[in-house]
$ cat final.json   # JSON, C-alpha atoms
[["chain", "number", "residue", "atom", "x", "y", "z"],
["A", 1, "MET", "CA", -71.29, 47.17, 164.95],
["A", 2, "ASP", "CA", -70.65, 46.88, 161.21],
["A", 3, "HIS", "CA", -73.47, 44.93, 159.61],
["A", 4, "SER", "CA", -72.27, 45.38, 156.04],
["A", 5, "THR", "CA", -70.91, 41.86, 155.82],
["A", 6, "HIS", "CA", -74.33, 40.26, 156.17],
["A", 7, "HIS", "CA", -76.77, 42.89, 154.94],
["A", 8, "SER", "CA", -77.43, 44.15, 151.46],
["A", 9, "ALA", "CA", -78.12, 47.65, 150.21],
["A", 10, "PRO", "CA", -81.39, 49.46, 150.94],
["A", 11, "GLU", "CA", -82.61, 49.06, 147.36],
["A", 12, "ASP", "CA", -83.01, 45.34, 148.13],
["A", 13, "ASP", "CA", -85.50, 46.07, 150.90],
["A", 14, "GLY", "CA", -88.57, 43.95, 151.15],
["A", 15, "PRO", "CA", -91.47, 44.01, 153.58],
["A", 16, "GLY", "CA", -90.23, 43.95, 157.14],
["A", 17, "HIS", "CA", -86.79, 45.35, 156.25],
["A", 18, "PRO", "CA", -87.12, 49.06, 157.08],
["A", 19, "HIS", "CA", -83.41, 49.83, 157.35],
["A", 20, "GLY", "CA", -82.05, 47.97, 154.35],
["A", 21, "HIS", "CA", -81.27, 44.88, 156.42],
["A", 22, "VAL", "CA", -81.85, 41.85, 154.26],
["A", 23, "HIS", "CA", -80.08, 38.74, 155.45],
["A", 24, "GLY", "CA", -78.12, 36.61, 153.06],
["A", 25, "HIS", "CA", -78.09, 32.86, 152.72],
["A", 26, "GLY", "CA", -75.17, 32.44, 155.12],
["A", 27, "THR", "CA", -77.26, 32.18, 158.28],
["A", 28, "THR", "CA", -75.51, 30.24, 161.03],
["A", 29, "TRP", "CA", -76.95, 27.40, 163.06],
["A", 30, "ALA", "CA", -76.24, 29.47, 166.18],
["A", 31, "THR", "CA", -78.48, 32.26, 164.90],
["A", 32, "ALA", "CA", -81.22, 29.77, 164.04],
["A", 33, "MET", "CA", -80.92, 28.10, 167.44],
["A", 34, "GLN", "CA", -81.10, 31.47, 169.21],
["A", 35, "ALA", "CA", -84.24, 32.41, 167.24],
["A", 36, "THR", "CA", -85.80, 29.02, 167.99],
["A", 37, "LEU", "CA", -84.97, 29.25, 171.68],
["A", 38, "HIS", "CA", -86.51, 32.73, 171.78],
["A", 39, "CYS", "CA", -89.67, 31.35, 170.18],
["A", 40, "LEU", "CA", -89.68, 28.23, 172.36],
["A", 41, "THR", "CA", -89.48, 30.31, 175.53],
["A", 42, "GLY", "CA", -92.65, 32.24, 174.71],
["A", 43, "CYS", "CA", -94.41, 29.13, 173.46],
["A", 44, "ALA", "CA", -93.50, 27.14, 176.56],
["A", 45, "ILE", "CA", -94.71, 29.84, 178.94],
["A", 46, "GLY", "CA", -98.02, 30.16, 177.10],
["A", 47, "GLU", "CA", -98.55, 26.46, 176.65],
["A", 48, "ILE", "CA", -97.76, 25.54, 180.26],
["A", 49, "LEU", "CA", -99.98, 28.37, 181.51],
["A", 50, "GLY", "CA", -102.80, 27.15, 179.26],
["A", 51, "MET", "CA", -102.40, 23.57, 180.48],
["A", 52, "VAL", "CA", -102.40, 24.70, 184.10],
["A", 53, "ILE", "CA", -105.48, 26.88, 183.65],
["A", 54, "GLY", "CA", -107.40, 24.24, 181.66],
["A", 55, "THR", "CA", -106.53, 21.52, 184.16],
["A", 56, "ALA", "CA", -107.35, 23.70, 187.17],
["A", 57, "LEU", "CA", -110.74, 24.54, 185.65],
["A", 58, "MET", "CA", -111.28, 20.82, 184.90],
["A", 59, "TRP", "CA", -111.76, 21.46, 181.20],
["A", 60, "GLY", "CA", -111.54, 18.61, 178.74],
["A", 61, "ASN", "CA", -108.55, 17.92, 176.52],
["A", 62, "VAL", "CA", -109.69, 19.89, 173.48],
["A", 63, "PRO", "CA", -110.52, 23.20, 175.21],
["A", 64, "THR", "CA", -107.36, 22.93, 177.30],
["A", 65, "MET", "CA", -105.20, 22.38, 174.20],
["A", 66, "VAL", "CA", -106.93, 25.23, 172.35],
["A", 67, "LEU", "CA", -106.23, 27.56, 175.27],
["A", 68, "ALA", "CA", -102.62, 26.33, 175.55],
["A", 69, "ILE", "CA", -101.97, 26.83, 171.84],
["A", 70, "ALA", "CA", -103.61, 30.27, 171.84],
["A", 71, "LEU", "CA", -101.50, 31.35, 174.81],
["A", 72, "ALA", "CA", -98.38, 29.91, 173.17],
["A", 73, "PHE", "CA", -98.97, 32.22, 170.20],
["A", 74, "VAL", "CA", -99.75, 35.21, 172.47],
["A", 75, "PHE", "CA", -96.61, 34.76, 174.56],
["A", 76, "GLY", "CA", -94.49, 33.82, 171.54],
["A", 77, "TYR", "CA", -95.52, 37.00, 169.72],
["A", 78, "SER", "CA", -95.25, 39.15, 172.85],
["A", 79, "PHE", "CA", -91.53, 38.45, 173.32],
["A", 80, "THR", "CA", -90.79, 39.84, 169.86],
["A", 81, "LEU", "CA", -93.41, 42.58, 170.14],
["A", 82, "PHE", "CA", -91.97, 44.05, 173.33],
["A", 83, "ALA", "CA", -88.38, 43.89, 172.03],
["A", 84, "VAL", "CA", -89.31, 45.72, 168.83],
["A", 85, "VAL", "CA", -91.39, 48.35, 170.69],
["A", 86, "ARG", "CA", -88.40, 48.92, 173.01],
["A", 87, "ALA", "CA", -86.35, 49.63, 169.88],
["A", 88, "GLY", "CA", -88.67, 52.58, 169.18],
["A", 89, "VAL", "CA", -91.09, 51.04, 166.67],
["A", 90, "SER", "CA", -94.78, 51.94, 166.81],
["A", 91, "MET", "CA", -97.15, 49.30, 168.20],
["A", 92, "LYS", "CA", -98.83, 48.84, 164.79],
["A", 93, "ALA", "CA", -95.50, 48.29, 163.02],
["A", 94, "ALA", "CA", -94.25, 46.08, 165.87],
["A", 95, "ILE", "CA", -97.31, 43.81, 165.55],
["A", 96, "LYS", "CA", -96.56, 43.38, 161.84],
["A", 97, "VAL", "CA", -92.94, 42.53, 162.64],
["A", 98, "ALA", "CA", -93.93, 40.02, 165.33],
["A", 99, "LEU", "CA", -96.43, 38.31, 163.02],
["A", 100, "ALA", "CA", -93.86, 38.11, 160.21],
["A", 101, "ALA", "CA", -91.08, 36.97, 162.54],
["A", 102, "ASP", "CA", -92.83, 34.31, 164.58],
["A", 103, "THR", "CA", -95.92, 32.86, 162.90],
["A", 104, "VAL", "CA", -94.27, 29.97, 161.06],
["A", 105, "SER", "CA", -91.89, 29.18, 163.91],
["A", 106, "ILE", "CA", -94.66, 29.09, 166.52],
["A", 107, "ALA", "CA", -96.97, 27.09, 164.24],
["A", 108, "VAL", "CA", -94.32, 24.43, 163.57],
["A", 109, "MET", "CA", -93.38, 24.29, 167.23],
["A", 110, "GLU", "CA", -96.99, 23.92, 168.38],
["A", 111, "LEU", "CA", -97.81, 21.32, 165.74],
["A", 112, "VAL", "CA", -94.83, 19.17, 166.73],
["A", 113, "ASP", "CA", -95.16, 19.65, 170.49],
["A", 114, "ASN", "CA", -98.90, 19.00, 170.64],
["A", 115, "GLY", "CA", -98.60, 16.13, 168.19],
["A", 116, "ILE", "CA", -96.13, 14.44, 170.51],
["A", 117, "ILE", "CA", -98.34, 15.02, 173.54],
["A", 118, "ALA", "CA", -101.29, 13.55, 171.64],
["A", 119, "LEU", "CA", -99.25, 10.50, 170.57],
["A", 120, "VAL", "CA", -97.72, 9.64, 173.96],
["A", 121, "PRO", "CA", -100.01, 7.04, 175.54],
["A", 122, "GLY", "CA", -101.72, 8.46, 178.62],
["A", 123, "ALA", "CA", -100.25, 11.97, 178.28],
["A", 124, "MET", "CA", -103.59, 13.57, 177.43],
["A", 125, "GLU", "CA", -105.17, 12.08, 180.55],
["A", 126, "ALA", "CA", -102.22, 12.85, 182.83],
["A", 127, "GLN", "CA", -102.65, 15.45, 185.54],
["A", 128, "LEU", "CA", -100.25, 18.26, 186.41],
["A", 129, "SER", "CA", -99.00, 16.19, 189.35],
["A", 130, "ASP", "CA", -98.09, 13.25, 187.08],
["A", 131, "GLY", "CA", -94.56, 12.85, 185.81],
["A", 132, "LEU", "CA", -95.93, 11.63, 182.47],
["A", 133, "PHE", "CA", -97.57, 15.01, 181.88],
["A", 134, "TRP", "CA", -94.27, 16.86, 182.33],
["A", 135, "TYR", "CA", -92.12, 14.28, 180.49],
["A", 136, "ALA", "CA", -94.43, 14.38, 177.46],
["A", 137, "LEU", "CA", -94.62, 18.18, 177.50],
["A", 138, "LEU", "CA", -90.87, 18.75, 177.94],
["A", 139, "GLY", "CA", -90.05, 15.97, 175.48],
["A", 140, "GLY", "CA", -92.40, 17.59, 173.00],
["A", 141, "PHE", "CA", -90.63, 20.92, 173.46],
["A", 142, "ALA", "CA", -87.24, 19.26, 172.90],
["A", 143, "VAL", "CA", -88.36, 17.56, 169.68],
["A", 144, "ALA", "CA", -90.08, 20.77, 168.54],
["A", 145, "PHE", "CA", -86.81, 22.67, 169.07],
["A", 146, "VAL", "CA", -84.88, 20.15, 166.96],
["A", 147, "ILE", "CA", -87.44, 20.27, 164.13],
["A", 148, "THR", "CA", -88.07, 24.04, 164.22],
["A", 149, "THR", "CA", -84.40, 25.09, 164.23],
["A", 150, "PRO", "CA", -83.75, 24.07, 160.58],
["A", 151, "VAL", "CA", -87.03, 25.74, 159.57],
["A", 152, "ASN", "CA", -85.88, 28.97, 161.22],
["A", 153, "LYS", "CA", -82.42, 28.67, 159.64],
["A", 154, "TRP", "CA", -83.97, 28.31, 156.21],
["A", 155, "MET", "CA", -86.33, 31.26, 156.77],
["A", 156, "ILE", "CA", -83.69, 33.58, 158.25],
["A", 157, "GLY", "CA", -81.37, 32.75, 155.35],
["A", 158, "ARG", "CA", -84.05, 34.07, 153.00],
["A", 159, "GLY", "CA", -84.71, 37.26, 154.97],
["A", 160, "LYS", "CA", -87.89, 35.92, 156.56],
["A", 161, "GLY", "CA", -88.89, 34.82, 160.07],
["A", 162, "HIS", "CA", -86.60, 36.21, 162.75],
["A", 163, "ALA", "CA", -84.53, 38.00, 160.10],
["A", 164, "VAL", "CA", -87.13, 40.77, 160.12],
["A", 165, "VAL", "CA", -86.45, 41.34, 163.83],
["A", 166, "HIS", "CA", -82.71, 41.79, 163.28],
["A", 167, "ALA", "CA", -83.42, 45.07, 161.49],
["A", 168, "TYR", "CA", -84.27, 46.50, 164.92],
["A", 169, "HIS", "CA", -81.14, 45.41, 166.80]]

$ encode --input "final.json" --output "structure tokens"
Amino acid sequence: MDHSTHHSAPEDDGPGHPHGHVHGHGTTWATAMQATLHCLTGCAIGEILGMVIGTALMWGNVPTMVLAIALAFVFGYSFTLFAVVRAGVSMKAAIKVALAADTVSIAVMELVDNGIIALVPGAMEAQLSDGLFWYALLGGFAVAFVITTPVNKWMIGRGKGHAVVHAYH
């Protein structure tokens, strides 16, 4: 695949661009949505797992949310980490790529999603068997996707965020 139409020369390399792949400002919404969906998938798995574990252990709201957010970051990073390692990058370099690619996206997504859960009346007290729990969580994910996509588009257009992962495709 010819990448010359959307990558600049190697002398323009910055951190996280080992093969001269620096993305221009013409990032598409489709690319941003794909990056956001990738991030959302890892975040959702981690967050739901954290909520299930915290609820099953009868933890309070704060420790459950802390666990859910921590697992959202772990799973969010792991999706990128494993893809980059599969591309032949060392684990140390892959961790740097995952941190550069996903930190802002995951942070925005978690802030929005957990903010919505905290603001929906009764959602924090809802149990896993309650529809309110799932509606608030899934609604939070949907709003987080809508808000995080333009953030990712802006970052990718500047060679940051998920743009650093594209050097390994």

$ residues_around --input "final.json" --residues "range 70-83 of chain A" --least-positions-apart "6" --cutoff "7 Å" --atoms "all atoms listed in the file" --output "list in words"
Cys39, Gly42, Cys43, Ala44, Ile45, Gly46, Glu47, Gly50, Ala94, Ile95, Ala98, Leu99, Asp102 and Ile106 of chain A

$ residues_near_point --input "final.json" --point "(-88.7, 21.2, 171.1)" --cutoff "12 Å" --atoms "only C-alpha atoms" --output "PyMOL selection string"
chain A and resi 33+36-41+43-44+105-106+108-117+136-150

$ closest_residue --input "final.json" --among "A:Val165, A:Met155, A:Val84, A:Met58" --to "Glu125 in chain A" --atoms "all atoms listed in the file"
A:Met58

$ atom_distance --input "final.json" --atom1 "CA of Ile156 in chain A" --atom2 "CA of Ile48 in chain A"
27.3 Å

$ atom_distance --input "final.json" --atom1 "CA of Gly122 in chain A" --atom2 "CA of Val62 in chain A"
14.9 Å

$ atom_distance --input "final.json" --atom1 "CA of Ala93 in chain A" --atom2 "CA of Thr27 in chain A"
24.8 Å

$ closest_residue --input "final.json" --among "A:Gly88, A:Val151, A:Ala126, A:Tyr168" --to "Met51 in chain A" --atoms "only C-alpha atoms"
A:Ala126

$ residues_around --input "final.json" --residues "Thr55 in chain A" --least-positions-apart "4" --cutoff "9 Å" --atoms "only C-alpha atoms" --output "NGL selection string"
:A and (50-51 or 59-61 or 64 or 127-128)

$ write_last_selection --input "final.json" --atoms "C-alpha atoms" --output "compact mmCIF listing (two decimals), in the coordinates of the input"
# COMPACT_ATOMS: atom_id res chain seq x y z
CA GLY A 50 -102.80 27.15 179.26
CA MET A 51 -102.40 23.57 180.48
CA TRP A 59 -111.76 21.46 181.20
CA GLY A 60 -111.54 18.61 178.74
CA ASN A 61 -108.55 17.92 176.52
CA THR A 64 -107.36 22.93 177.30
CA GLN A 127 -102.65 15.45 185.54
CA LEU A 128 -100.25 18.26 186.41

$ decode --input "final.json" --residues "range 27-149 of chain A" --atoms "C-alpha atoms" --output "tab-separated table (two decimals), in the first residue's frame"
chain	number	residue	atom	x	y	z
A	27	THR	CA	-7.40	13.06	8.92
A	28	THR	CA	-10.83	11.71	8.08
A	29	TRP	CA	-13.75	11.32	10.44
A	30	ALA	CA	-13.78	7.61	9.57
A	31	THR	CA	-10.21	7.25	10.83
A	32	ALA	CA	-11.05	9.15	14.01
A	33	MET	CA	-14.17	7.05	14.56
A	34	GLN	CA	-12.21	3.83	14.05
A	35	ALA	CA	-9.57	4.95	16.57
A	36	THR	CA	-12.28	5.95	19.05
A	37	LEU	CA	-14.13	2.66	18.62
A	38	HIS	CA	-10.87	0.79	19.19
A	39	CYS	CA	-10.32	2.75	22.39
A	40	LEU	CA	-13.95	2.43	23.48
A	41	THR	CA	-13.84	-1.35	23.10
A	42	GLY	CA	-10.94	-1.72	25.53
A	43	CYS	CA	-12.39	0.86	27.90
A	44	ALA	CA	-15.80	-0.79	27.91
A	45	ILE	CA	-14.39	-4.25	28.62
A	46	GLY	CA	-12.28	-2.93	31.50
A	47	GLU	CA	-14.96	-0.71	32.93
A	48	ILE	CA	-17.71	-3.35	32.83
A	49	LEU	CA	-15.34	-5.92	34.36
A	50	GLY	CA	-14.45	-3.46	37.12
A	51	MET	CA	-18.10	-2.71	37.83
A	52	VAL	CA	-18.94	-6.41	37.94
A	53	ILE	CA	-16.03	-7.22	40.26
A	54	GLY	CA	-16.69	-4.24	42.57
A	55	THR	CA	-20.40	-5.01	42.75
A	56	ALA	CA	-19.84	-8.74	43.30
A	57	LEU	CA	-17.43	-7.96	46.15
A	58	MET	CA	-19.98	-5.47	47.56
A	59	TRP	CA	-17.51	-2.60	47.43
A	60	GLY	CA	-18.72	0.96	47.69
A	61	ASN	CA	-19.07	3.33	44.75
A	62	VAL	CA	-15.63	4.93	44.97
A	63	PRO	CA	-13.51	1.76	45.09
A	64	THR	CA	-15.66	0.19	42.37
A	65	MET	CA	-15.22	3.22	40.10
A	66	VAL	CA	-11.47	3.35	40.79
A	67	LEU	CA	-11.18	-0.32	39.83
A	68	ALA	CA	-13.36	0.17	36.74
A	69	ILE	CA	-11.33	3.15	35.56
A	70	ALA	CA	-8.02	1.38	36.21
A	71	LEU	CA	-9.18	-1.66	34.25
A	72	ALA	CA	-10.46	0.59	31.45
A	73	PHE	CA	-6.94	1.98	31.07
A	74	VAL	CA	-5.36	-1.50	31.29
A	75	PHE	CA	-7.65	-2.98	28.64
A	76	GLY	CA	-7.56	0.17	26.51
A	77	TYR	CA	-3.76	0.12	26.44
A	78	SER	CA	-3.59	-3.65	25.97
A	79	PHE	CA	-5.46	-3.58	22.65
A	80	THR	CA	-2.84	-1.25	21.18
A	81	LEU	CA	0.04	-2.96	22.99
A	82	PHE	CA	-0.73	-6.40	21.59
A	83	ALA	CA	-1.25	-5.07	18.05
A	84	VAL	CA	2.08	-3.25	18.08
A	85	VAL	CA	3.94	-6.24	19.59
A	86	ARG	CA	2.42	-8.44	16.85
A	87	ALA	CA	3.95	-6.01	14.33
A	88	GLY	CA	7.39	-6.95	15.69
A	89	VAL	CA	8.04	-4.10	18.12
A	90	SER	CA	9.77	-4.80	21.44
A	91	MET	CA	7.60	-4.76	24.56
A	92	LYS	CA	9.36	-1.64	25.90
A	93	ALA	CA	8.81	0.28	22.66
A	94	ALA	CA	5.24	-1.04	22.37
A	95	ILE	CA	4.41	0.26	25.86
A	96	LYS	CA	5.64	3.72	24.84
A	97	VAL	CA	3.51	3.58	21.69
A	98	ALA	CA	0.41	2.47	23.61
A	99	LEU	CA	0.85	5.23	26.19
A	100	ALA	CA	1.32	7.85	23.46
A	101	ALA	CA	-1.55	6.51	21.37
A	102	ASP	CA	-4.24	6.01	23.99
A	103	THR	CA	-3.74	8.08	27.13
A	104	VAL	CA	-5.69	11.18	26.11
A	105	SER	CA	-8.41	9.18	24.37
A	106	ILE	CA	-8.96	6.88	27.35
A	107	ALA	CA	-8.85	9.77	29.82
A	108	VAL	CA	-11.47	11.77	27.91
A	109	MET	CA	-13.64	8.70	27.48
A	110	GLU	CA	-13.47	7.78	31.16
A	111	LEU	CA	-14.09	11.33	32.33
A	112	VAL	CA	-17.20	11.65	30.16
A	113	ASP	CA	-18.55	8.14	30.79
A	114	ASN	CA	-18.08	8.21	34.55
A	115	GLY	CA	-19.34	11.77	34.74
A	116	ILE	CA	-22.58	10.70	33.09
A	117	ILE	CA	-22.94	7.71	35.40
A	118	ALA	CA	-22.38	9.99	38.40
A	119	LEU	CA	-24.96	12.50	37.13
A	120	VAL	CA	-27.76	10.06	36.29
A	121	PRO	CA	-30.02	9.91	39.35
A	122	GLY	CA	-29.86	6.48	40.96
A	123	ALA	CA	-27.21	5.07	38.59
A	124	MET	CA	-24.52	4.88	41.26
A	125	GLU	CA	-26.81	2.88	43.53
A	126	ALA	CA	-28.14	0.62	40.76
A	127	GLN	CA	-27.20	-3.04	40.80
A	128	LEU	CA	-25.99	-5.12	37.86
A	129	SER	CA	-29.49	-6.58	37.55
A	130	ASP	CA	-31.07	-3.12	37.19
A	131	GLY	CA	-31.79	-1.70	33.77
A	132	LEU	CA	-30.78	1.75	35.03
A	133	PHE	CA	-27.23	0.52	35.63
A	134	TRP	CA	-26.87	-0.67	32.03
A	135	TYR	CA	-28.72	2.28	30.45
A	136	ALA	CA	-26.50	4.76	32.28
A	137	LEU	CA	-23.33	2.82	31.46
A	138	LEU	CA	-24.15	2.30	27.78
A	139	GLY	CA	-25.48	5.84	27.44
A	140	GLY	CA	-22.26	7.10	28.97
A	141	PHE	CA	-20.24	5.09	26.45
A	142	ALA	CA	-22.31	6.52	23.58
A	143	VAL	CA	-21.82	10.12	24.73
A	144	ALA	CA	-18.13	9.45	25.40
A	145	PHE	CA	-17.75	8.15	21.82
A	146	VAL	CA	-19.36	11.30	20.40
A	147	ILE	CA	-17.15	13.60	22.50
A	148	THR	CA	-13.90	11.62	22.11
A	149	THR	CA	-14.09	11.21	18.32
